[in-house]
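Everything below belongs to entry-v5.csv, which stores CSV, C-alpha atoms.
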```
chain,number,residue,atom,x,y,z
A,1235,MET,CA,-52.0,-13.4,48.1
A,1236,SER,CA,-52.2,-9.6,47.7
A,1237,ASP,CA,-48.4,-9.3,48.0
A,1238,ARG,CA,-48.0,-11.8,45.2
A,1239,ARG,CA,-50.5,-9.8,43.0
A,1240,ALA,CA,-48.7,-6.5,43.8
A,1241,HIS,CA,-45.4,-8.1,42.9
A,1242,ALA,CA,-46.8,-9.4,39.7
A,1243,VAL,CA,-48.2,-6.0,38.7
A,1244,ARG,CA,-44.9,-4.3,39.5
A,1245,SER,CA,-43.1,-7.0,37.4
A,1246,VAL,CA,-45.3,-6.4,34.4
A,1247,LEU,CA,-45.0,-2.6,34.7
A,1248,SER,CA,-41.2,-2.9,34.9
A,1249,ARG,CA,-41.2,-4.7,31.6
A,1250,LEU,CA,-43.3,-2.0,29.8
A,1251,PRO,CA,-41.2,0.3,27.6
A,1252,ALA,CA,-40.4,3.6,29.2
A,1253,SER,CA,-41.8,6.8,27.5
A,1254,ALA,CA,-38.3,7.8,26.6
A,1255,SER,CA,-37.7,4.5,24.8
A,1256,THR,CA,-40.9,5.0,22.9
A,1257,VAL,CA,-39.9,8.5,21.9
A,1258,ARG,CA,-36.5,7.2,20.9
A,1259,LEU,CA,-38.0,4.5,18.7
A,1260,LEU,CA,-40.3,7.1,17.0
A,1261,LEU,CA,-37.4,9.4,16.5
A,1262,TRP,CA,-35.4,6.6,14.8
A,1263,ALA,CA,-38.4,5.8,12.6
A,1264,LEU,CA,-38.6,9.4,11.6
A,1265,ILE,CA,-34.9,9.5,10.8
A,1266,VAL,CA,-35.3,6.4,8.6
A,1267,VAL,CA,-38.2,7.9,6.7
A,1268,LEU,CA,-36.3,11.2,6.1
A,1269,LEU,CA,-33.2,9.3,4.9
A,1270,LEU,CA,-35.3,7.3,2.4
A,1271,ALA,CA,-37.0,10.4,1.1
A,1272,ALA,CA,-33.8,12.7,1.1
A,1273,PRO,CA,-32.9,12.2,-2.6
A,1274,LEU,CA,-36.3,13.8,-3.6
A,1275,SER,CA,-35.2,17.2,-2.3
A,1276,LEU,CA,-31.4,17.2,-1.9
A,1277,THR,CA,-29.1,18.8,-4.5
A,1278,SER,CA,-26.2,16.9,-6.0
A,1279,PHE,CA,-23.7,18.6,-3.7
A,1280,TRP,CA,-25.4,17.3,-0.6
A,1281,LEU,CA,-26.0,13.8,-2.1
A,1282,GLN,CA,-22.3,13.5,-2.9
A,1283,THR,CA,-21.2,14.8,0.4
A,1284,ALA,CA,-23.5,12.3,2.1
A,1285,LEU,CA,-22.0,9.5,0.1
A,1286,PHE,CA,-18.5,10.5,1.2
A,1287,VAL,CA,-19.7,10.6,4.8
A,1288,MET,CA,-21.2,7.1,4.4
A,1289,ALA,CA,-18.0,5.7,3.0
A,1290,ALA,CA,-15.9,7.4,5.8
A,1291,ALA,CA,-18.4,6.1,8.4
A,1292,ILE,CA,-17.9,2.5,7.2
A,1293,GLY,CA,-14.2,2.9,7.4
A,1294,ALA,CA,-14.4,4.6,10.8
A,1295,ILE,CA,-16.5,1.7,12.2
A,1296,GLY,CA,-13.8,-0.7,11.2
A,1297,LEU,CA,-11.1,1.4,12.8
A,1298,THR,CA,-13.0,1.8,16.1
A,1299,VAL,CA,-13.2,-2.0,16.3
A,1300,LEU,CA,-9.5,-2.2,15.9
A,1301,VAL,CA,-8.3,0.8,17.9
A,1302,GLY,CA,-11.1,1.5,20.3
A,1303,ALA,CA,-12.3,-2.0,21.2
A,1304,THR,CA,-9.0,-3.9,20.8
A,1305,GLY,CA,-6.4,-1.3,21.6
A,1306,GLN,CA,-4.3,-1.7,18.4
A,1307,LEU,CA,-3.0,1.5,17.0
A,1308,SER,CA,-3.1,1.5,13.3
A,1309,LEU,CA,-2.1,4.3,10.9
A,1310,ALA,CA,-2.5,2.2,7.8
A,1311,HIS,CA,-6.3,2.6,7.3
A,1312,ALA,CA,-5.8,4.6,4.1
A,1313,PHE,CA,-3.7,1.7,2.7
A,1314,PHE,CA,-6.6,-0.7,3.1
A,1315,VAL,CA,-9.1,1.8,1.8
A,1316,ALA,CA,-6.9,2.1,-1.3
A,1317,ILE,CA,-6.9,-1.6,-1.8
A,1318,GLY,CA,-10.7,-1.7,-1.7
A,1319,ALA,CA,-11.0,1.2,-4.2
A,1320,TYR,CA,-8.3,0.1,-6.7
A,1321,GLY,CA,-9.3,-3.6,-6.2
A,1322,TYR,CA,-12.9,-2.7,-7.3
A,1323,ALA,CA,-11.7,-0.6,-10.2
A,1324,PHE,CA,-9.4,-3.4,-11.4
A,1325,LEU,CA,-11.8,-6.3,-10.9
A,1326,ALA,CA,-14.8,-4.5,-12.4
A,1327,GLY,CA,-13.0,-2.6,-15.2
A,1328,ALA,CA,-12.2,-3.9,-18.6
A,1329,SER,CA,-8.7,-4.1,-20.1
A,1330,GLU,CA,-7.9,-1.1,-22.2
A,1331,ARG,CA,-4.8,0.3,-23.9
A,1332,ASP,CA,-3.2,1.7,-20.8
A,1333,VAL,CA,-4.8,-0.3,-17.9
A,1334,LEU,CA,-5.7,-3.8,-17.2
A,1335,GLY,CA,-9.0,-5.1,-15.9
A,1336,ALA,CA,-10.7,-8.4,-14.9
A,1337,GLY,CA,-14.1,-7.5,-16.3
A,1338,LEU,CA,-16.1,-9.1,-13.5
A,1339,ALA,CA,-19.7,-8.2,-12.6
A,1340,PRO,CA,-19.6,-5.2,-10.2
A,1341,PRO,CA,-21.2,-7.1,-7.3
A,1342,LEU,CA,-18.5,-9.8,-7.6
A,1343,ALA,CA,-15.8,-7.1,-8.0
A,1344,ALA,CA,-17.0,-5.4,-4.8
A,1345,VAL,CA,-16.9,-8.6,-2.8
A,1346,GLY,CA,-13.5,-9.4,-4.3
A,1347,ALA,CA,-12.1,-6.0,-3.4
A,1348,VAL,CA,-13.3,-6.3,0.2
A,1349,ALA,CA,-11.8,-9.8,0.3
A,1350,LEU,CA,-8.5,-8.4,-1.0
A,1351,SER,CA,-8.4,-5.8,1.8
A,1352,ALA,CA,-9.2,-8.4,4.4
A,1353,LEU,CA,-6.5,-10.7,3.0
A,1354,ALA,CA,-4.0,-7.8,3.2
A,1355,GLY,CA,-5.0,-7.2,6.9
A,1356,ALA,CA,-4.7,-10.9,7.7
A,1357,LEU,CA,-1.2,-11.0,6.2
A,1358,PHE,CA,-0.1,-8.0,8.3
A,1359,SER,CA,-1.8,-9.3,11.4
A,1360,PRO,CA,1.2,-11.5,12.6
A,1361,ILE,CA,3.2,-8.3,12.8
A,1362,ALA,CA,0.3,-6.5,14.6
A,1363,GLY,CA,0.2,-9.4,17.0
A,1364,ARG,CA,3.8,-8.9,18.1
A,1365,LEU,CA,3.8,-5.1,18.4
A,1366,ARG,CA,1.9,-2.7,20.6
A,1367,GLY,CA,1.3,1.0,20.9
A,1368,ILE,CA,3.4,3.4,19.0
A,1369,TYR,CA,5.5,0.6,17.6
A,1370,LEU,CA,2.5,-0.9,15.9
A,1371,GLY,CA,1.5,2.6,14.7
A,1372,LEU,CA,4.9,3.2,13.1
A,1373,ALA,CA,5.0,-0.3,11.5
A,1374,SER,CA,1.5,0.2,10.0
A,1375,LEU,CA,2.5,3.7,8.8
A,1376,GLY,CA,5.0,2.0,6.5
A,1377,LEU,CA,2.1,0.4,4.6
A,1378,VAL,CA,0.8,3.8,3.6
A,1379,PHE,CA,4.1,4.9,2.0
A,1380,LEU,CA,4.5,1.4,0.4
A,1381,GLY,CA,1.0,1.8,-1.0
A,1382,GLN,CA,1.7,5.2,-2.4
A,1383,HIS,CA,4.8,3.9,-4.2
A,1384,VAL,CA,2.8,1.0,-5.7
A,1385,MET,CA,-0.2,3.1,-6.7
A,1386,GLN,CA,2.1,5.6,-8.5
A,1387,ASN,CA,4.3,3.1,-10.3
A,1388,ALA,CA,2.0,0.1,-11.0
A,1389,ALA,CA,0.4,2.0,-13.9
A,1390,ALA,CA,-1.0,-1.1,-15.6
A,1391,VAL,CA,-3.3,-1.7,-12.6
A,1392,THR,CA,-3.7,1.7,-10.9
A,1393,GLY,CA,-3.3,4.1,-13.8
A,1394,GLY,CA,-0.3,5.7,-12.2
A,1395,PHE,CA,-0.4,9.4,-11.1
A,1396,ASN,CA,-3.5,10.0,-13.2
A,1397,GLY,CA,-5.5,7.2,-11.5
A,1398,ARG,CA,-8.2,5.3,-13.3
A,1399,ASP,CA,-12.0,5.3,-13.6
A,1400,ALA,CA,-14.2,3.1,-11.5
A,1401,GLU,CA,-16.8,1.0,-13.3
A,1402,PRO,CA,-20.4,2.1,-12.4
A,1403,PHE,CA,-22.2,-0.3,-10.1
A,1404,ARG,CA,-24.8,-2.6,-11.8
A,1405,ILE,CA,-27.1,-5.3,-10.5
A,1406,PHE,CA,-28.3,-7.4,-13.3
A,1407,SER,CA,-29.9,-4.9,-15.7
A,1408,PHE,CA,-30.2,-2.1,-13.2
A,1409,SER,CA,-27.4,0.4,-13.4
A,1410,PHE,CA,-26.5,3.0,-10.8
A,1411,THR,CA,-26.0,5.7,-13.4
A,1412,GLY,CA,-28.3,8.4,-14.8
A,1413,THR,CA,-29.8,6.0,-17.3
A,1414,ASP,CA,-30.3,2.3,-18.0
A,1415,PRO,CA,-33.1,2.3,-17.0
A,1416,ASP,CA,-34.5,5.8,-16.7
A,1417,LEU,CA,-36.0,6.3,-13.3
A,1418,ILE,CA,-38.3,9.1,-12.2
A,1419,VAL,CA,-39.9,9.2,-8.7
A,1420,LEU,CA,-42.5,11.9,-7.9
A,1421,ASP,CA,-41.3,13.9,-10.8
A,1422,VAL,CA,-37.7,13.7,-9.6
A,1423,PRO,CA,-35.2,12.1,-12.0
A,1424,TYR,CA,-33.0,9.6,-10.2
A,1425,GLY,CA,-29.5,9.8,-11.5
A,1426,ALA,CA,-26.3,8.2,-10.3
A,1427,LEU,CA,-26.1,10.0,-7.0
A,1428,GLU,CA,-29.7,9.4,-6.1
A,1429,ARG,CA,-29.3,5.7,-6.8
A,1430,LEU,CA,-26.0,5.4,-5.0
A,1431,TRP,CA,-27.6,7.1,-2.0
A,1432,TYR,CA,-29.6,4.0,-1.2
A,1433,LEU,CA,-26.7,1.6,-1.9
A,1434,GLY,CA,-24.6,3.6,0.6
A,1435,LEU,CA,-27.4,3.5,3.2
A,1436,LEU,CA,-27.7,-0.2,2.8
A,1437,LEU,CA,-23.9,-0.8,3.1
A,1438,LEU,CA,-23.7,1.5,6.1
A,1439,GLY,CA,-26.6,-0.1,7.8
A,1440,LEU,CA,-25.2,-3.5,7.4
A,1441,ALA,CA,-21.8,-2.4,8.6
A,1442,TYR,CA,-23.3,-0.7,11.7
A,1443,TRP,CA,-25.5,-3.7,12.5
A,1444,TYR,CA,-22.6,-6.2,12.2
A,1445,ALA,CA,-20.1,-4.2,14.2
A,1446,ARG,CA,-22.7,-3.6,17.0
A,1447,ASN,CA,-23.4,-7.4,17.2
A,1448,VAL,CA,-19.7,-8.2,17.3
A,1449,LEU,CA,-18.9,-5.8,20.1
A,1450,ARG,CA,-21.9,-6.7,22.2
A,1451,GLY,CA,-21.3,-10.4,21.9
A,1452,ARG,CA,-18.6,-12.7,23.2
A,1453,PRO,CA,-16.0,-11.7,20.6
A,1454,GLY,CA,-16.5,-8.0,21.7
A,1455,ARG,CA,-15.9,-8.9,25.3
A,1456,ALA,CA,-12.8,-10.8,24.3
A,1457,LEU,CA,-11.5,-7.9,22.3
A,1458,MET,CA,-12.0,-5.5,25.1
A,1459,ALA,CA,-10.3,-7.9,27.5
A,1460,VAL,CA,-7.3,-7.9,25.2
A,1461,ARG,CA,-7.4,-4.1,25.1
A,1462,ASP,CA,-7.5,-3.8,28.9
A,1463,SER,CA,-4.8,-6.4,29.6
A,1464,GLU,CA,-3.4,-9.0,27.3
A,1465,VAL,CA,-2.0,-11.0,30.3
A,1466,ALA,CA,-5.4,-11.0,32.1
A,1467,ALA,CA,-7.2,-11.9,28.9
A,1468,ALA,CA,-4.8,-14.9,28.3
A,1469,VAL,CA,-5.4,-16.1,31.9
A,1470,MET,CA,-9.1,-16.0,31.2
A,1471,GLY,CA,-8.6,-18.3,28.2
A,1472,VAL,CA,-8.7,-15.7,25.4
A,1473,ASP,CA,-6.5,-16.5,22.5
A,1474,VAL,CA,-4.9,-13.1,22.3
A,1475,ARG,CA,-3.1,-13.5,19.0
A,1476,ARG,CA,-6.1,-14.9,17.2
A,1477,TYR,CA,-8.4,-12.2,18.4
A,1478,LYS,CA,-5.9,-9.4,17.5
A,1479,ALA,CA,-5.5,-11.0,14.1
A,1480,ALA,CA,-9.3,-11.2,13.7
A,1481,ALA,CA,-9.7,-7.6,14.7
A,1482,PHE,CA,-7.1,-6.4,12.2
A,1483,THR,CA,-8.7,-8.5,9.4
A,1484,LEU,CA,-12.2,-7.3,10.2
A,1485,SER,CA,-11.0,-3.7,10.3
A,1486,SER,CA,-9.3,-4.1,6.9
A,1487,ALA,CA,-12.4,-5.5,5.4
A,1488,TYR,CA,-14.4,-2.5,6.6
A,1489,ALA,CA,-11.8,-0.2,5.1
A,1490,GLY,CA,-12.0,-2.1,1.8
A,1491,LEU,CA,-15.8,-1.7,1.7
A,1492,ALA,CA,-15.3,2.0,2.4
A,1493,GLY,CA,-12.9,2.1,-0.5
A,1494,VAL,CA,-15.4,0.5,-2.9
A,1495,LEU,CA,-18.1,3.1,-2.0
A,1496,LEU,CA,-15.5,5.9,-2.3
A,1497,ALA,CA,-14.6,4.7,-5.8
A,1498,LEU,CA,-18.3,4.6,-6.8
A,1499,ALA,CA,-18.9,8.1,-5.3
A,1500,PHE,CA,-15.8,9.7,-6.9
A,1501,GLY,CA,-16.1,7.9,-10.2
A,1502,ARG,CA,-12.3,8.3,-10.6
A,1503,ILE,CA,-9.6,7.4,-8.1
A,1504,VAL,CA,-6.1,8.8,-7.8
A,1505,PRO,CA,-3.2,7.9,-5.4
A,1506,GLU,CA,-3.2,11.3,-3.7
A,1507,SER,CA,-6.5,10.6,-2.1
A,1508,PHE,CA,-5.1,7.7,0.0
A,1509,GLY,CA,-2.2,9.3,1.7
A,1510,PHE,CA,-1.1,9.7,5.3
A,1511,LEU,CA,-3.7,12.5,5.9
A,1512,MET,CA,-6.5,10.1,5.2
A,1513,SER,CA,-5.3,7.8,8.0
A,1514,ILE,CA,-5.1,10.8,10.4
A,1515,ASP,CA,-8.6,11.8,9.4
A,1516,PHE,CA,-9.9,8.3,10.3
A,1517,LEU,CA,-8.2,8.6,13.7
A,1518,ALA,CA,-9.8,12.0,14.3
A,1519,MET,CA,-13.2,10.5,13.5
A,1520,ILE,CA,-13.0,7.8,16.1
A,1521,ILE,CA,-11.5,10.1,18.7
A,1522,ILE,CA,-14.2,12.8,18.2
A,1523,GLY,CA,-16.9,10.2,18.0
A,1524,GLY,CA,-15.7,8.2,21.0
A,1525,MET,CA,-13.2,5.3,21.0
A,1526,GLY,CA,-14.9,1.9,20.7
A,1527,SER,CA,-18.4,3.4,20.0
A,1528,VAL,CA,-19.9,2.3,16.7
A,1529,GLY,CA,-22.4,5.2,16.7
A,1530,GLY,CA,-19.7,7.6,17.7
A,1531,ALA,CA,-17.6,6.5,14.7
A,1532,VAL,CA,-20.5,7.5,12.4
A,1533,ALA,CA,-20.9,10.8,14.1
A,1534,GLY,CA,-17.1,11.5,14.0
A,1535,ALA,CA,-17.1,10.6,10.3
A,1536,LEU,CA,-19.9,13.1,9.7
A,1537,VAL,CA,-18.0,15.9,11.4
A,1538,VAL,CA,-14.6,15.3,9.8
A,1539,THR,CA,-15.8,14.5,6.3
A,1540,ALA,CA,-18.6,17.0,5.9
A,1541,LEU,CA,-16.9,20.0,7.5
A,1542,PRO,CA,-14.3,20.8,4.9
A,1543,LEU,CA,-16.7,20.2,2.0
A,1544,ILE,CA,-19.3,22.5,3.6
A,1545,LEU,CA,-16.7,25.2,4.3
A,1546,SER,CA,-15.4,25.0,0.8
A,1547,ARG,CA,-19.0,25.2,-0.6
A,1548,TYR,CA,-19.8,28.4,1.4
A,1549,SER,CA,-16.3,29.9,1.5
A,1550,ASP,CA,-17.4,33.0,-0.5
A,1551,VAL,CA,-19.9,34.0,2.2
A,1552,LEU,CA,-17.7,33.2,5.2
A,1553,PRO,CA,-15.5,36.2,5.9
A,1554,PHE,CA,-12.7,34.3,7.8
A,1555,LEU,CA,-12.0,32.0,4.8
A,1556,ALA,CA,-9.6,32.9,2.0
A,1557,GLN,CA,-10.6,32.2,-1.6
A,1558,PRO,CA,-8.6,29.9,-3.7
A,1559,GLY,CA,-5.4,31.7,-4.8
A,1560,GLU,CA,-5.6,34.2,-2.0
A,1561,ALA,CA,-3.4,34.4,1.1
A,1562,GLY,CA,-4.9,33.3,4.3
A,1563,VAL,CA,-6.6,30.2,5.7
A,1564,GLY,CA,-8.5,28.2,3.1
A,1565,ALA,CA,-11.5,26.0,3.7
A,1566,ALA,CA,-9.4,22.8,4.0
A,1567,GLU,CA,-7.0,24.3,6.5
A,1568,ALA,CA,-9.8,25.8,8.5
A,1569,ALA,CA,-11.6,22.5,8.7
A,1570,ARG,CA,-8.4,20.7,10.0
A,1571,LEU,CA,-7.9,23.4,12.6
A,1572,LEU,CA,-11.5,23.1,13.8
A,1573,TYR,CA,-11.6,19.3,14.1
A,1574,GLY,CA,-8.0,19.4,15.5
A,1575,ALA,CA,-9.3,21.7,18.2
A,1576,ALA,CA,-12.3,19.3,18.6
A,1577,VAL,CA,-9.9,16.4,19.2
A,1578,ILE,CA,-8.1,18.4,21.9
A,1579,ALA,CA,-11.4,19.4,23.5
A,1580,VAL,CA,-12.6,15.8,23.5
A,1581,LEU,CA,-9.4,14.5,25.1
A,1582,LEU,CA,-9.5,17.2,27.8
A,1583,PHE,CA,-13.2,17.4,28.7
A,1584,ALA,CA,-15.0,14.3,27.2
A,1585,PRO,CA,-12.7,11.3,26.7
A,1586,GLY,CA,-15.7,9.3,25.5
A,1587,GLY,CA,-16.3,11.7,22.6
A,1588,LEU,CA,-19.7,12.5,21.2
A,1589,ALA,CA,-20.9,9.1,22.3
A,1590,GLN,CA,-20.3,10.0,25.9
A,1591,LEU,CA,-22.1,13.3,25.5
A,1592,ALA,CA,-25.1,11.6,24.0
A,1593,ARG,CA,-25.2,9.0,26.8
A,1594,ARG,CA,-25.3,11.5,29.7
A,1595,PRO,CA,-29.0,12.5,29.4
A,1596,ILE,CA,-29.9,8.8,29.2
A,1597,ASP,CA,-27.8,7.9,32.2
A,1598,LYS,CA,-29.4,10.7,34.2
A,1599,GLU,CA,-32.8,9.6,33.2
A,1600,HIS,CA,-32.2,6.0,34.1
A,1601,SER,CA,-30.8,7.1,37.5
A,1602,HIS,CA,-33.9,9.2,38.1
A,1603,ASP,CA,-36.2,6.3,37.1
A,1604,SER,CA,-34.5,3.8,39.4
A,1605,THR,CA,-34.7,6.2,42.4
A,1606,SER,CA,-38.4,6.9,41.7
A,1607,MET,CA,-39.2,3.2,41.5
A,1608,GLY,CA,-37.5,2.7,44.9
A,1609,SER,CA,-39.5,5.4,46.6
A,1610,ASP,CA,-42.9,4.9,45.0
A,1611,GLY,CA,-43.1,1.2,44.2
A,1612,GLY,CA,-41.1,-0.2,47.1
A,1613,LEU,CA,-38.4,-1.5,44.8
A,1614,MET,CA,-34.7,-1.0,45.7
A,1615,PRO,CA,-32.9,1.9,44.0
A,1616,GLY,CA,-30.3,1.1,41.4
A,1617,ALA,CA,-27.4,1.6,43.8
A,1618,ASP,CA,-28.9,-0.8,46.3
A,1619,ARG,CA,-29.5,-3.5,43.7
A,1620,MET,CA,-25.8,-3.2,42.6
A,1621,GLN,CA,-24.7,-3.5,46.2
A,1622,GLN,CA,-26.9,-6.5,46.7
A,1623,GLY,CA,-25.4,-8.1,43.6
A,1624,ARG,CA,-21.9,-7.6,45.0
A,1625,THR,CA,-22.8,-9.2,48.3
```
What would the structure in this file look like if it were written as structure tokens?
Amino acid sequence: MSDRRAHAVRSVLSRLPASASTVRLLLWALIVVLLLAAPLSLTSFWLQTALFVMAAAIGAIGLTVLVGATGQLSLAHAFFVAIGAYGYAFLAGASERDVLGAGLAPPLAAVGAVALSALAGALFSPIAGRLRGIYLGLASLGLVFLGQHVMQNAAAVTGGFNGRDAEPFRIFSFSFTGTDPDLIVLDVPYGALERLWYLGLLLLGLAYWYARNVLRGRPGRALMAVRDSEVAAAVMGVDVRRYKAAAFTLSSAYAGLAGVLLALAFGRIVPESFGFLMSIDFLAMIIIGGMGSVGGAVAGALVVTALPLILSRYSDVLPFLAQPGEAGVGAAEAARLLYGAAVIAVLLFAPGGLAQLARRPIDKEHSHDSTSMGSDGGLMPGADRMQQGRT
């Protein structure tokens, strides 16, 4: 009877949250509170930089599902981001003398723009299903150049070289602008950037939550099986072509949502913003953050997007940066050199990226906890439990 009671006590204790888990939960709660209160103290530069990071993070999450989880190399992410941005500008904008517009309500226009990006990805997915590796990368790269040609010449929709304005977001009578209505919180006037901050947080949170659920569930296991071996996945009953098409469609939808947020953050979109370099930046984000990691994609987006903006902001006080018009390494070039070096360092020393570095202390702690339980409580260490599972 005493053995049963002791076993019951140990079972209950094993279910109690560890101290590290409690600390982690409190840390996340603190981060959420700070994010919600950030517009009360941040300047416009930091607010806009954060909006760019949020948009890039949404796009990077979509790309890590495609490249990291499914193993499909895509260099066309900038093309799908452009569809989302221009799709929103066209659907939400009104027809004027030089450009056309559908005049839809901004929420409907945003949903329509994301749907257009997803549709474009679905149309390209049969090609993606037949190609692999560098061949798929080269085929997808053609979409970027095709998109540049369309954006520069379809002036009635895109505005041509000069681009076009994006309609401010509005939900019923609440506008995400500096007015309509006037909004003051704790003596801080809430303008367009402050209001878009919360919209960006909401979209990023939903994108993060959905991608985590997909990758942790049965679809995620099927996608990873396709990545590891298409033949083995097919033997296990996975419809390889269907899952590859679904991954490409979902990734394109994420890119479209990123394009919508970028259009709202910029206010005006031009074709030059959606070139080949943007696709390379997205690849750098998921490599630095960790291939297949949703949290790593967000961290990589923070590094790649914020670094050039911060260097440009403080270029006058950084001695190794050349000022605009001077000979030398400018802020943009220095940023690309730095995160290019980061990509090389990640590939050599931490293939799992920032996500792997963040997991190492947790893995060590779990290993220590399992060993301690084996010696103090009479439970088997982690290695013994794994060995028993194998036998």
Tell me, as a list in words, which residues lie within 7 Å of stretch 1356-1364 of chain A, counting all atoms listed in the file; anything in the same chain fewer than 5 positions away does not count.
Leu1370, Arg1475, Lys1478, Ala1479, Phe1482 and Thr1483 of chain A
Residues within 8 Å of stretch 1428-1433 of chain A, only C-alpha atoms, excluding chain neighbours under 4 positions, as a PDB file with C-alpha atoms, in the coordinates of the input:
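Saved to selection.pdb:
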```
ATOM      1  CA  LEU A1270     -35.300   7.300   2.400  1.00  0.00           C
ATOM      2  CA  PRO A1273     -32.900  12.200  -2.600  1.00  0.00           C
ATOM      3  CA  LEU A1281     -26.000  13.800  -2.100  1.00  0.00           C
ATOM      4  CA  ALA A1284     -23.500  12.300   2.100  1.00  0.00           C
ATOM      5  CA  LEU A1285     -22.000   9.500   0.100  1.00  0.00           C
ATOM      6  CA  PHE A1410     -26.500   3.000 -10.800  1.00  0.00           C
ATOM      7  CA  THR A1411     -26.000   5.700 -13.400  1.00  0.00           C
ATOM      8  CA  TYR A1424     -33.000   9.600 -10.200  1.00  0.00           C
ATOM      9  CA  LEU A1437     -23.900  -0.800   3.100  1.00  0.00           C
ATOM     10  CA  LEU A1498     -18.300   4.600  -6.800  1.00  0.00           C
ATOM     11  CA  ALA A1499     -18.900   8.100  -5.300  1.00  0.00           C
TER      12      ALA A1499
END
```
Which residues come within 12 Å of A:Val1532, counting all atoms listed in the file, excluding same-chain residues fewer than 3 positions away, as a ChimeraX atom specification?
/A:1284,1286-1298,1438-1439,1441-1442,1445,1516,1518-1529,1535-1540,1587-1589
Grab the atom CA of A:Phe1583 to atom CA of A:Leu1552 distance for me, in Å with one decimal place.
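Atom-to-atom, atom CA of A:Phe1583 and atom CA of A:Leu1552 are spaced 28.7 Å apart.
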Nearby residues (all atoms listed in the file) at most 7 Å from stretch 1456-1473 of chain A, same-chain spacing under 3 positions excluded, as JSON, numbers by chain
{"A": [1303, 1304, 1305, 1452, 1453, 1476, 1477]}
